[in-house]
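One file, upload.txt, carrying compact mmCIF, C-alpha atoms and all ligand atoms:
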# COMPACT_ATOMS: atom_id res chain seq x y z
CA MET A 1 -109.85 -45.64 37.66
CA PRO A 2 -110.70 -49.24 36.70
CA THR A 3 -112.76 -51.69 38.72
CA TRP A 4 -110.38 -54.28 40.13
CA ASP A 5 -110.70 -58.06 40.26
CA SER A 6 -108.34 -59.42 42.92
CA ALA A 7 -108.57 -63.02 41.65
CA GLN A 8 -107.66 -61.98 38.10
CA TYR A 9 -104.80 -59.84 39.46
CA LEU A 10 -103.43 -62.63 41.66
CA ARG A 11 -103.40 -65.21 38.85
CA PHE A 12 -99.80 -64.11 38.42
CA GLU A 13 -99.13 -63.53 42.10
CA ASN A 14 -95.46 -64.60 41.98
CA GLU A 15 -94.64 -62.36 39.03
CA ARG A 16 -96.64 -59.44 40.44
CA THR A 17 -95.07 -59.70 43.91
CA ARG A 18 -91.45 -60.15 42.86
CA PRO A 19 -90.85 -56.39 42.20
CA SER A 20 -91.98 -55.51 45.74
CA MET A 21 -89.52 -58.11 47.11
CA ASP A 22 -86.74 -56.55 45.03
CA LEU A 23 -87.75 -53.07 46.19
CA ALA A 24 -87.88 -54.07 49.89
CA ALA A 25 -84.45 -55.70 49.58
CA ARG A 26 -82.92 -52.35 48.55
CA VAL A 27 -84.42 -50.24 51.37
CA PRO A 28 -81.50 -49.38 53.70
CA LEU A 29 -83.47 -49.59 56.97
CA ALA A 30 -82.62 -52.21 59.60
CA CYS A 31 -85.66 -51.44 61.73
CA VAL A 32 -89.03 -49.91 60.84
CA ARG A 33 -91.64 -48.83 63.42
CA ASP A 34 -94.43 -47.68 61.08
CA ALA A 35 -94.74 -48.64 57.42
CA VAL A 36 -97.44 -47.75 54.92
CA ASP A 37 -98.08 -49.65 51.69
CA LEU A 38 -99.51 -47.14 49.21
CA GLY A 39 -101.77 -48.86 46.65
CA CYS A 40 -101.54 -52.10 48.63
CA GLY A 41 -104.03 -53.98 46.40
CA PRO A 42 -104.95 -57.37 47.93
CA GLY A 43 -102.10 -57.07 50.45
CA ASN A 44 -99.44 -59.08 48.58
CA SER A 45 -96.91 -56.22 48.74
CA THR A 46 -97.85 -55.49 52.40
CA GLU A 47 -96.90 -59.10 53.20
CA VAL A 48 -93.47 -58.44 51.68
CA ILE A 49 -93.00 -55.48 54.06
CA ALA A 50 -94.11 -57.64 57.00
CA LYS A 51 -91.58 -60.35 56.14
CA ARG A 52 -88.68 -57.91 55.85
CA TRP A 53 -89.62 -55.85 58.97
CA PRO A 54 -91.67 -58.13 61.25
CA GLU A 55 -91.62 -55.51 64.01
CA ALA A 56 -93.33 -52.83 61.86
CA ARG A 57 -96.86 -51.55 62.47
CA LEU A 58 -98.47 -51.92 59.04
CA THR A 59 -101.03 -49.85 57.19
CA GLY A 60 -102.26 -50.50 53.67
CA VAL A 61 -103.90 -47.71 51.66
CA ASP A 62 -105.91 -48.35 48.51
CA SER A 63 -108.91 -46.82 46.73
CA SER A 64 -110.43 -50.15 45.73
CA PRO A 65 -112.88 -51.66 48.25
CA VAL A 66 -112.65 -54.97 46.36
CA MET A 67 -108.87 -55.18 46.86
CA LEU A 68 -109.10 -54.04 50.49
CA GLU A 69 -111.74 -56.63 51.31
CA VAL A 70 -109.33 -59.41 50.31
CA ALA A 71 -106.43 -57.79 52.22
CA ARG A 72 -108.57 -57.36 55.35
CA LYS A 73 -109.75 -60.96 55.25
CA VAL A 74 -106.21 -62.34 55.09
CA HIS A 75 -104.69 -59.92 57.65
CA PRO A 76 -107.45 -58.55 59.89
CA ASP A 77 -104.85 -57.37 62.41
CA TRP A 78 -103.23 -54.82 60.05
CA ALA A 79 -104.75 -51.38 59.36
CA TRP A 80 -106.43 -50.95 55.97
CA ILE A 81 -107.53 -47.53 54.77
CA GLU A 82 -109.72 -46.80 51.75
CA ALA A 83 -108.36 -43.54 50.32
CA ASP A 84 -107.12 -41.89 47.15
CA LEU A 85 -103.33 -41.55 46.88
CA GLN A 86 -103.88 -38.25 45.13
CA GLN A 87 -104.71 -36.67 48.52
CA TRP A 88 -103.88 -39.18 51.26
CA GLN A 89 -101.04 -38.55 53.68
CA PRO A 90 -100.25 -40.10 57.08
CA GLU A 91 -101.44 -38.32 60.22
CA LYS A 92 -98.01 -38.67 61.84
CA MET A 93 -94.46 -39.21 60.61
CA VAL A 94 -93.64 -42.74 59.45
CA ASP A 95 -90.37 -44.59 58.78
CA LEU A 96 -91.33 -46.19 55.49
CA LEU A 97 -93.69 -45.21 52.68
CA PHE A 98 -93.66 -48.12 50.24
CA SER A 99 -95.49 -48.44 46.95
CA SER A 100 -95.38 -51.18 44.35
CA ALA A 101 -97.19 -51.00 41.01
CA ALA A 102 -99.69 -48.33 42.03
CA PHE A 103 -98.48 -44.80 41.21
CA GLN A 104 -98.74 -45.38 37.45
CA TRP A 105 -102.50 -44.93 38.01
CA VAL A 106 -102.05 -41.59 39.78
CA SER A 107 -101.18 -38.20 38.23
CA GLY A 108 -99.37 -35.26 39.86
CA HIS A 109 -96.25 -37.05 41.14
CA GLU A 110 -94.41 -33.70 41.24
CA ILE A 111 -96.80 -32.64 44.03
CA ILE A 112 -97.44 -35.98 45.73
CA PHE A 113 -93.88 -37.34 46.02
CA PRO A 114 -92.36 -34.24 47.71
CA ARG A 115 -95.40 -34.15 50.03
CA LEU A 116 -94.81 -37.79 50.98
CA MET A 117 -91.10 -37.13 51.60
CA LYS A 118 -92.09 -34.50 54.18
CA CYS A 119 -94.17 -37.13 56.03
CA LEU A 120 -91.10 -39.30 56.71
CA SER A 121 -89.35 -39.33 60.05
CA PRO A 122 -85.65 -38.31 59.81
CA GLY A 123 -83.82 -41.14 58.04
CA GLY A 124 -87.16 -42.52 56.79
CA VAL A 125 -87.55 -43.88 53.26
CA LEU A 126 -89.90 -43.43 50.32
CA ALA A 127 -89.61 -46.59 48.17
CA VAL A 128 -91.57 -46.77 44.93
CA GLN A 129 -91.78 -49.15 41.98
CA MET A 130 -93.83 -48.48 38.85
CA PRO A 131 -94.05 -50.12 35.44
CA ALA A 132 -92.04 -48.38 32.73
CA ALA A 133 -93.40 -50.63 30.03
CA LYS A 134 -95.71 -48.40 28.01
CA ALA A 135 -93.85 -49.25 24.79
CA GLU A 136 -94.03 -53.02 25.29
CA PRO A 137 -96.17 -54.34 22.39
CA ALA A 138 -98.72 -56.15 24.59
CA LEU A 139 -99.32 -52.89 26.49
CA ALA A 140 -99.04 -50.46 23.56
CA LEU A 141 -101.50 -52.55 21.54
CA ILE A 142 -104.39 -51.79 23.90
CA PRO A 143 -104.60 -47.98 23.44
CA SER A 144 -103.69 -48.40 19.78
CA MET A 145 -106.65 -50.78 19.25
CA ALA A 146 -108.86 -48.38 21.23
CA GLY A 147 -108.10 -45.69 18.64
CA GLU A 148 -109.24 -47.85 15.71
CA ASP A 149 -112.56 -47.11 13.95
CA ALA A 150 -114.25 -50.17 15.42
CA TRP A 151 -113.63 -49.03 19.00
CA LYS A 152 -112.83 -45.35 19.14
CA ALA A 153 -116.37 -44.08 19.82
CA ARG A 154 -116.37 -46.14 23.06
CA LEU A 155 -112.72 -46.23 24.06
CA GLU A 156 -110.80 -43.26 22.73
CA ASP A 157 -110.97 -41.22 25.94
CA VAL A 158 -110.31 -44.05 28.42
CA LYS A 159 -107.95 -42.99 31.19
CA THR A 160 -105.19 -45.51 31.61
CA TRP A 161 -101.67 -45.70 33.05
CA HIS A 162 -99.96 -42.42 33.59
CA GLN A 163 -96.23 -42.62 32.82
CA PRO A 164 -95.10 -39.19 31.67
CA TYR A 165 -92.11 -38.86 34.01
CA THR A 166 -88.45 -39.66 33.31
CA GLN A 167 -85.76 -40.76 35.78
CA GLU A 168 -84.48 -37.15 35.67
CA ASP A 169 -87.93 -35.87 36.65
CA TYR A 170 -87.94 -38.10 39.74
CA TYR A 171 -84.41 -37.07 40.63
CA ARG A 172 -85.40 -33.40 40.42
CA MET A 173 -88.58 -33.94 42.46
CA LEU A 174 -86.87 -35.85 45.26
CA SER A 175 -83.22 -34.84 45.52
CA PRO A 176 -83.85 -31.46 47.27
CA LEU A 177 -85.56 -33.39 50.09
CA ALA A 178 -83.42 -36.53 50.19
CA SER A 179 -80.14 -37.27 51.96
CA ARG A 180 -79.60 -40.10 49.47
CA ILE A 181 -81.46 -41.35 46.45
CA GLU A 182 -81.23 -44.44 44.24
CA LEU A 183 -82.97 -44.96 40.92
CA TRP A 184 -82.83 -48.06 38.76
CA GLU A 185 -84.75 -50.05 36.21
CA THR A 186 -85.22 -53.78 35.88
CA THR A 187 -86.71 -55.67 32.96
CA TYR A 188 -88.40 -58.86 34.15
CA ILE A 189 -88.71 -61.49 31.46
CA HIS A 190 -91.93 -63.27 32.36
CA VAL A 191 -92.29 -66.77 30.99
CA MET A 192 -95.94 -67.11 30.00
CA ASP A 193 -97.58 -70.42 29.13
CA SER A 194 -99.26 -69.06 26.00
CA HIS A 195 -100.61 -65.96 24.27
CA GLU A 196 -103.85 -66.56 26.20
CA ALA A 197 -101.85 -66.23 29.43
CA LEU A 198 -100.53 -62.88 28.22
CA LEU A 199 -104.11 -61.77 27.59
CA ASP A 200 -104.95 -62.94 31.12
CA TRP A 201 -102.11 -60.79 32.48
CA VAL A 202 -103.33 -57.56 30.86
CA LYS A 203 -106.93 -58.34 31.84
CA GLY A 204 -105.70 -58.06 35.45
CA THR A 205 -104.33 -54.53 34.97
CA ALA A 206 -103.77 -52.46 31.81
CA MET A 207 -106.83 -53.69 29.87
CA ARG A 208 -109.23 -53.24 32.81
CA PRO A 209 -110.27 -49.61 32.17
CA TYR A 210 -111.12 -50.52 28.56
CA LEU A 211 -113.12 -53.64 29.42
CA ASP A 212 -115.05 -51.58 32.00
CA ARG A 213 -116.50 -49.55 29.10
CA LEU A 214 -117.60 -52.52 26.99
CA THR A 215 -120.56 -54.89 27.15
CA ALA A 216 -119.76 -58.57 27.70
CA PRO A 217 -119.98 -59.48 23.97
CA GLU A 218 -117.90 -56.41 23.04
CA SER A 219 -115.26 -57.41 25.60
CA VAL A 220 -115.05 -60.88 24.06
CA GLU A 221 -114.59 -59.28 20.63
CA PHE A 222 -111.90 -56.87 21.92
CA GLU A 223 -110.00 -59.66 23.68
CA LYS A 224 -110.21 -61.90 20.59
CA SER A 225 -108.83 -59.19 18.35
CA PHE A 226 -106.00 -58.49 20.85
CA LEU A 227 -105.15 -62.18 21.04
CA GLN A 228 -104.97 -62.50 17.24
CA ARG A 229 -102.31 -59.77 17.12
CA LEU A 230 -100.00 -61.15 19.80
CA PRO A 231 -98.14 -63.78 17.70
CA ALA A 232 -96.77 -61.01 15.45
CA HIS A 233 -94.93 -59.61 18.50
CA TYR A 234 -94.33 -62.69 20.66
CA ALA A 235 -93.08 -65.75 18.80
CA PRO A 236 -93.56 -68.98 20.75
CA GLN A 237 -90.41 -70.62 22.11
CA PRO A 238 -89.66 -74.26 21.09
CA ASP A 239 -91.69 -75.43 24.11
CA GLY A 240 -94.66 -73.24 23.10
CA ARG A 241 -94.14 -70.69 25.87
CA ILE A 242 -93.93 -66.91 25.37
CA LEU A 243 -91.35 -64.49 26.78
CA PHE A 244 -92.94 -61.26 27.99
CA PRO A 245 -90.40 -58.52 28.90
CA PHE A 246 -91.70 -56.04 31.47
CA ARG A 247 -89.60 -53.01 32.41
CA ARG A 248 -90.06 -51.36 35.82
CA LEU A 249 -88.65 -48.19 37.41
CA PHE A 250 -87.56 -48.25 41.06
CA LEU A 251 -86.72 -45.37 43.37
CA VAL A 252 -85.56 -45.30 46.98
CA ALA A 253 -85.21 -41.88 48.59
CA MET A 254 -84.07 -41.39 52.19
CA ARG A 255 -85.05 -38.24 54.08
C1 LIG A 301 -101.53 -53.27 40.31
S1 LIG A 301 -102.19 -53.13 41.93
C2 LIG A 301 -100.74 -53.26 42.95
C3 LIG A 301 -100.97 -54.13 44.15
C4 LIG A 301 -99.73 -54.42 44.99
N1 LIG A 301 -99.18 -53.20 45.57
C5 LIG A 301 -98.62 -55.13 44.22
O1 LIG A 301 -97.45 -54.75 44.35
O2 LIG A 301 -98.92 -56.11 43.52
C6 LIG A 301 -102.48 -51.39 41.93
C7 LIG A 301 -103.32 -50.92 43.11
O3 LIG A 301 -103.26 -49.49 43.15
C8 LIG A 301 -104.52 -49.04 43.57
N2 LIG A 301 -104.69 -47.65 43.14
C9 LIG A 301 -104.67 -47.17 41.88
N3 LIG A 301 -104.91 -45.84 41.88
C10 LIG A 301 -105.08 -45.49 43.19
C11 LIG A 301 -105.35 -44.25 43.83
N4 LIG A 301 -105.50 -43.11 43.14
N5 LIG A 301 -105.47 -44.24 45.17
C12 LIG A 301 -105.32 -45.40 45.88
N6 LIG A 301 -105.06 -46.60 45.32
C13 LIG A 301 -104.95 -46.64 43.98
C14 LIG A 301 -105.51 -49.96 42.90
O4 LIG A 301 -106.76 -49.95 43.52
C15 LIG A 301 -104.80 -51.31 42.99
O5 LIG A 301 -105.19 -52.03 44.11
In structure tokens, how does this file's structure come out?
Ligand SMILES: C[S@@+](CC[C@H](N)C(=O)[O-])C[C@H]1O[C@@H](n2cnc3c(N)ncnc32)[C@H](O)[C@@H]1O
Amino acid sequence: MPTWDSAQYLRFENERTRPSMDLAARVPLACVRDAVDLGCGPGNSTEVIAKRWPEARLTGVDSSPVMLEVARKVHPDWAWIEADLQQWQPEKMVDLLFSSAAFQWVSGHEIIFPRLMKCLSPGGVLAVQMPAAKAEPALALIPSMAGEDAWKARLEDVKTWHQPYTQEDYYRMLSPLASRIELWETTYIHVMDSHEALLDWVKGTAMRPYLDRLTAPESVEFEKSFLQRLPAHYAPQPDGRILFPFRRLFLVAMR
């Protein structure tokens, strides 16, 4: 589990929050009494829930005290719980369990997702979005560099995103417990100002567990080497900007 830096993460707040807006828009609930944001981070996705269902009592759950501190400061009136999604479950039934860009850090979905479904009130919804972008060069480059001679002694065993499940796996996990289920993928094409901006993006998420292992000078070296490789995969557009495709998997399951 990496250490999180909310400021680094929110450098791309619009791009990072858009998937939770798209997910909320597809949840077929007119009214929500209790909603929980699983892996709420700094509260950006919780705000999306609040905008769509202003009547809902909101709880954000996250394992990072750094992220929760920011969330609590901005919305002291909402409930914020520090807990691990691997074990956490609500004490009473809720109408909406929502999660954007968090479960890729958690293993054991085949146990956790059915358990969460059973915590929904009748007609309640589990709505989840996770990156499905492991093969994207900017993301694949990081573990591949970590396996090179220069880095492998320090980085080979770093635990990073966990994306072993297919759409079929999620269908099989959830359909026995769901009255309806929707699965879809969206590829966002992020327009980045430069290759440096792309480095900044991964420093907010996928590269974090690796940088945690390195000293400051080693981190600079790792980032420099990463940056040098980006132009081979991302040619600048005529205006100098870079297009960064990012695929995400969405699921909405109603109890
Ligand atoms: C990329 S941020 C997502 C923030 C926000 N939900 C969004 O849509 O932008 C991922 C969050 O998941 C949290 N997280 C990762 N693994 C977790 C776990 N096992 N238990 C609880 N939270 C976890 C991290 O602390 C981080 O705040």
Discussion item. Using only C-alpha atoms, list the residues that have an atom at most 12 Å from (-110.6, -59.1, 40.4), coordinates as in the file, as a PyMOL selection string.
Written reply: chain A and resi 2-11+41-42+64-70+200-201+203-205+208
Worksheet, complete the sentence: Shortest contact to Leu155 of chain A, candidates A:Asp169, A:Asp95, A:Glu13, A:Glu218, atoms counted all atoms listed in the file, goes to A:Glu218
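The protein and nucleic acid residues lying at most 12 Å from Phe244 of chain A are A:Glu15, A:Ala133, A:Glu136, A:Pro137, A:Ala138, A:Leu139, A:Thr187, A:Tyr188, A:Ile189, A:His190, A:Val191, A:Met192, A:Asp193, A:Ser194, A:His195, A:Ala197, A:Leu198, A:Leu199, A:Trp201, A:Val202, A:Leu230, A:Pro231, A:His233, A:Tyr234, A:Ala235, A:Pro236, A:Gln237, with all atoms listed in the file considered and sequence neighbours fewer than 5 positions away removed.
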Practice prompt. Show which residues sit within 12 Å of Ala153 of chain A, as a VMD selection string. Count all atoms listed in the file, and ignore same-chain residues fewer than 6 positions away.
Written response: chain A and resid 145 to 147 213 to 214
May I have the selected residues written with C-alpha atoms, as a short mmCIF file (atom, residue, chain, number, x, y, z; two decimals), keeping the file's coordinate frame?
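Writing the result to result02.cif gives the following:
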data_model
loop_
_atom_site.label_atom_id
_atom_site.label_comp_id
_atom_site.auth_asym_id
_atom_site.auth_seq_id
_atom_site.Cartn_x
_atom_site.Cartn_y
_atom_site.Cartn_z
CA MET A 145 -106.65 -50.78 19.25
CA ALA A 146 -108.86 -48.38 21.23
CA GLY A 147 -108.10 -45.69 18.64
CA ARG A 213 -116.50 -49.55 29.10
CA LEU A 214 -117.60 -52.52 26.99
#
Discussion item. Please compute the atom CA of Gln87 of chain A-atom CA of Trp184 of chain A distance, one decimal, in Å.
Written reply: 26.5 Å
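Of the residues under consideration (A:Leu174, A:Cys119, A:Ile242, A:Ala71), A:Ala71 shows the shortest atom-to-atom contact distance to ligand LIG 301 (chain A) when counting all atoms listed in the file.
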First collect every listed atom of segment 209-217 of chain A; then fit an axis-aligned box around them, widen it by 5 Å on each side, and give centre and edge lengths in Å to one decimal, as JSON.
{"center_x": -115.4, "center_y": -54.5, "center_z": 28.1, "size_x": 20.3, "size_y": 19.9, "size_z": 18.2}
Fill in: Exercise: Tyr170 of chain A partners within 9 Å, all atoms listed in the file, chain neighbours under 2 positions left out, as JSON, numbers by chain
{"A": [109, 110, 113, 165, 166, 167, 168, 172, 173, 174, 175, 183, 251]}
Would you mind putting back N, CA and C atoms on segment 24-58 of chain A, then writing it out as a compact mmCIF listing (two decimals), keeping the file's coordinate frame?
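The result, stored in out_37.txt:
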# COMPACT_ATOMS: atom_id res chain seq x y z
N ALA A 24 -88.10 -53.98 48.43
CA ALA A 24 -87.88 -54.07 49.89
C ALA A 24 -86.42 -54.41 50.19
N ALA A 25 -85.84 -55.27 49.35
CA ALA A 25 -84.45 -55.70 49.58
C ALA A 25 -83.47 -54.52 49.49
N ARG A 26 -83.85 -53.48 48.76
CA ARG A 26 -82.92 -52.35 48.55
C ARG A 26 -83.20 -51.18 49.49
N VAL A 27 -84.14 -51.33 50.42
CA VAL A 27 -84.42 -50.24 51.37
C VAL A 27 -83.41 -50.32 52.51
N PRO A 28 -82.59 -49.28 52.72
CA PRO A 28 -81.50 -49.38 53.70
C PRO A 28 -81.95 -49.10 55.13
N LEU A 29 -82.99 -49.79 55.59
CA LEU A 29 -83.47 -49.59 56.97
C LEU A 29 -83.42 -50.93 57.69
N ALA A 30 -82.71 -50.96 58.85
CA ALA A 30 -82.62 -52.21 59.60
C ALA A 30 -83.90 -52.43 60.41
N CYS A 31 -84.50 -51.33 60.84
CA CYS A 31 -85.66 -51.44 61.73
C CYS A 31 -86.69 -50.41 61.30
N VAL A 32 -87.96 -50.81 61.26
CA VAL A 32 -89.03 -49.91 60.84
C VAL A 32 -90.14 -49.98 61.88
N ARG A 33 -90.54 -48.81 62.43
CA ARG A 33 -91.64 -48.83 63.42
C ARG A 33 -92.99 -48.77 62.72
N ASP A 34 -93.16 -47.82 61.80
CA ASP A 34 -94.43 -47.68 61.08
C ASP A 34 -94.17 -47.71 59.58
N ALA A 35 -94.90 -48.58 58.88
CA ALA A 35 -94.74 -48.64 57.42
C ALA A 35 -96.12 -48.55 56.78
N VAL A 36 -96.18 -47.85 55.66
CA VAL A 36 -97.44 -47.75 54.92
C VAL A 36 -97.21 -48.27 53.51
N ASP A 37 -98.12 -49.13 53.06
CA ASP A 37 -98.08 -49.65 51.69
C ASP A 37 -99.12 -48.88 50.87
N LEU A 38 -98.64 -48.02 49.98
CA LEU A 38 -99.51 -47.14 49.21
C LEU A 38 -99.96 -47.86 47.93
N GLY A 39 -101.27 -48.07 47.77
CA GLY A 39 -101.77 -48.86 46.65
C GLY A 39 -101.49 -50.33 46.93
N CYS A 40 -101.91 -50.76 48.12
CA CYS A 40 -101.54 -52.10 48.63
C CYS A 40 -102.23 -53.23 47.87
N GLY A 41 -103.32 -52.92 47.10
CA GLY A 41 -104.03 -53.98 46.40
C GLY A 41 -104.53 -55.02 47.39
N PRO A 42 -104.42 -56.32 47.05
CA PRO A 42 -104.95 -57.37 47.93
C PRO A 42 -104.03 -57.68 49.11
N GLY A 43 -102.97 -56.90 49.29
CA GLY A 43 -102.10 -57.07 50.45
C GLY A 43 -100.85 -57.89 50.17
N ASN A 44 -100.63 -58.27 48.91
CA ASN A 44 -99.44 -59.08 48.58
C ASN A 44 -98.15 -58.30 48.83
N SER A 45 -98.13 -57.01 48.50
CA SER A 45 -96.91 -56.22 48.74
C SER A 45 -96.78 -55.89 50.23
N THR A 46 -97.90 -55.76 50.94
CA THR A 46 -97.85 -55.49 52.40
C THR A 46 -97.21 -56.69 53.10
N GLU A 47 -97.51 -57.89 52.61
CA GLU A 47 -96.90 -59.10 53.20
C GLU A 47 -95.37 -59.08 53.03
N VAL A 48 -94.92 -58.53 51.92
CA VAL A 48 -93.47 -58.44 51.68
C VAL A 48 -92.84 -57.52 52.74
N ILE A 49 -93.51 -56.41 53.03
CA ILE A 49 -93.00 -55.48 54.06
C ILE A 49 -92.96 -56.20 55.41
N ALA A 50 -94.02 -56.95 55.70
CA ALA A 50 -94.11 -57.64 57.00
C ALA A 50 -92.99 -58.67 57.15
N LYS A 51 -92.65 -59.34 56.06
CA LYS A 51 -91.58 -60.35 56.14
C LYS A 51 -90.23 -59.70 56.38
N ARG A 52 -89.99 -58.57 55.71
CA ARG A 52 -88.68 -57.91 55.85
C ARG A 52 -88.54 -57.20 57.19
N TRP A 53 -89.67 -56.59 57.70
CA TRP A 53 -89.62 -55.85 58.97
C TRP A 53 -90.75 -56.35 59.86
N PRO A 54 -90.57 -57.53 60.48
CA PRO A 54 -91.67 -58.13 61.25
C PRO A 54 -92.13 -57.27 62.43
N GLU A 55 -91.27 -56.35 62.86
CA GLU A 55 -91.62 -55.51 64.01
C GLU A 55 -92.51 -54.33 63.60
N ALA A 56 -92.66 -54.07 62.31
CA ALA A 56 -93.33 -52.83 61.86
C ALA A 56 -94.84 -52.88 62.08
N ARG A 57 -95.40 -51.71 62.48
CA ARG A 57 -96.86 -51.55 62.47
C ARG A 57 -97.25 -51.24 61.02
N LEU A 58 -98.21 -52.01 60.48
CA LEU A 58 -98.47 -51.92 59.04
C LEU A 58 -99.81 -51.28 58.73
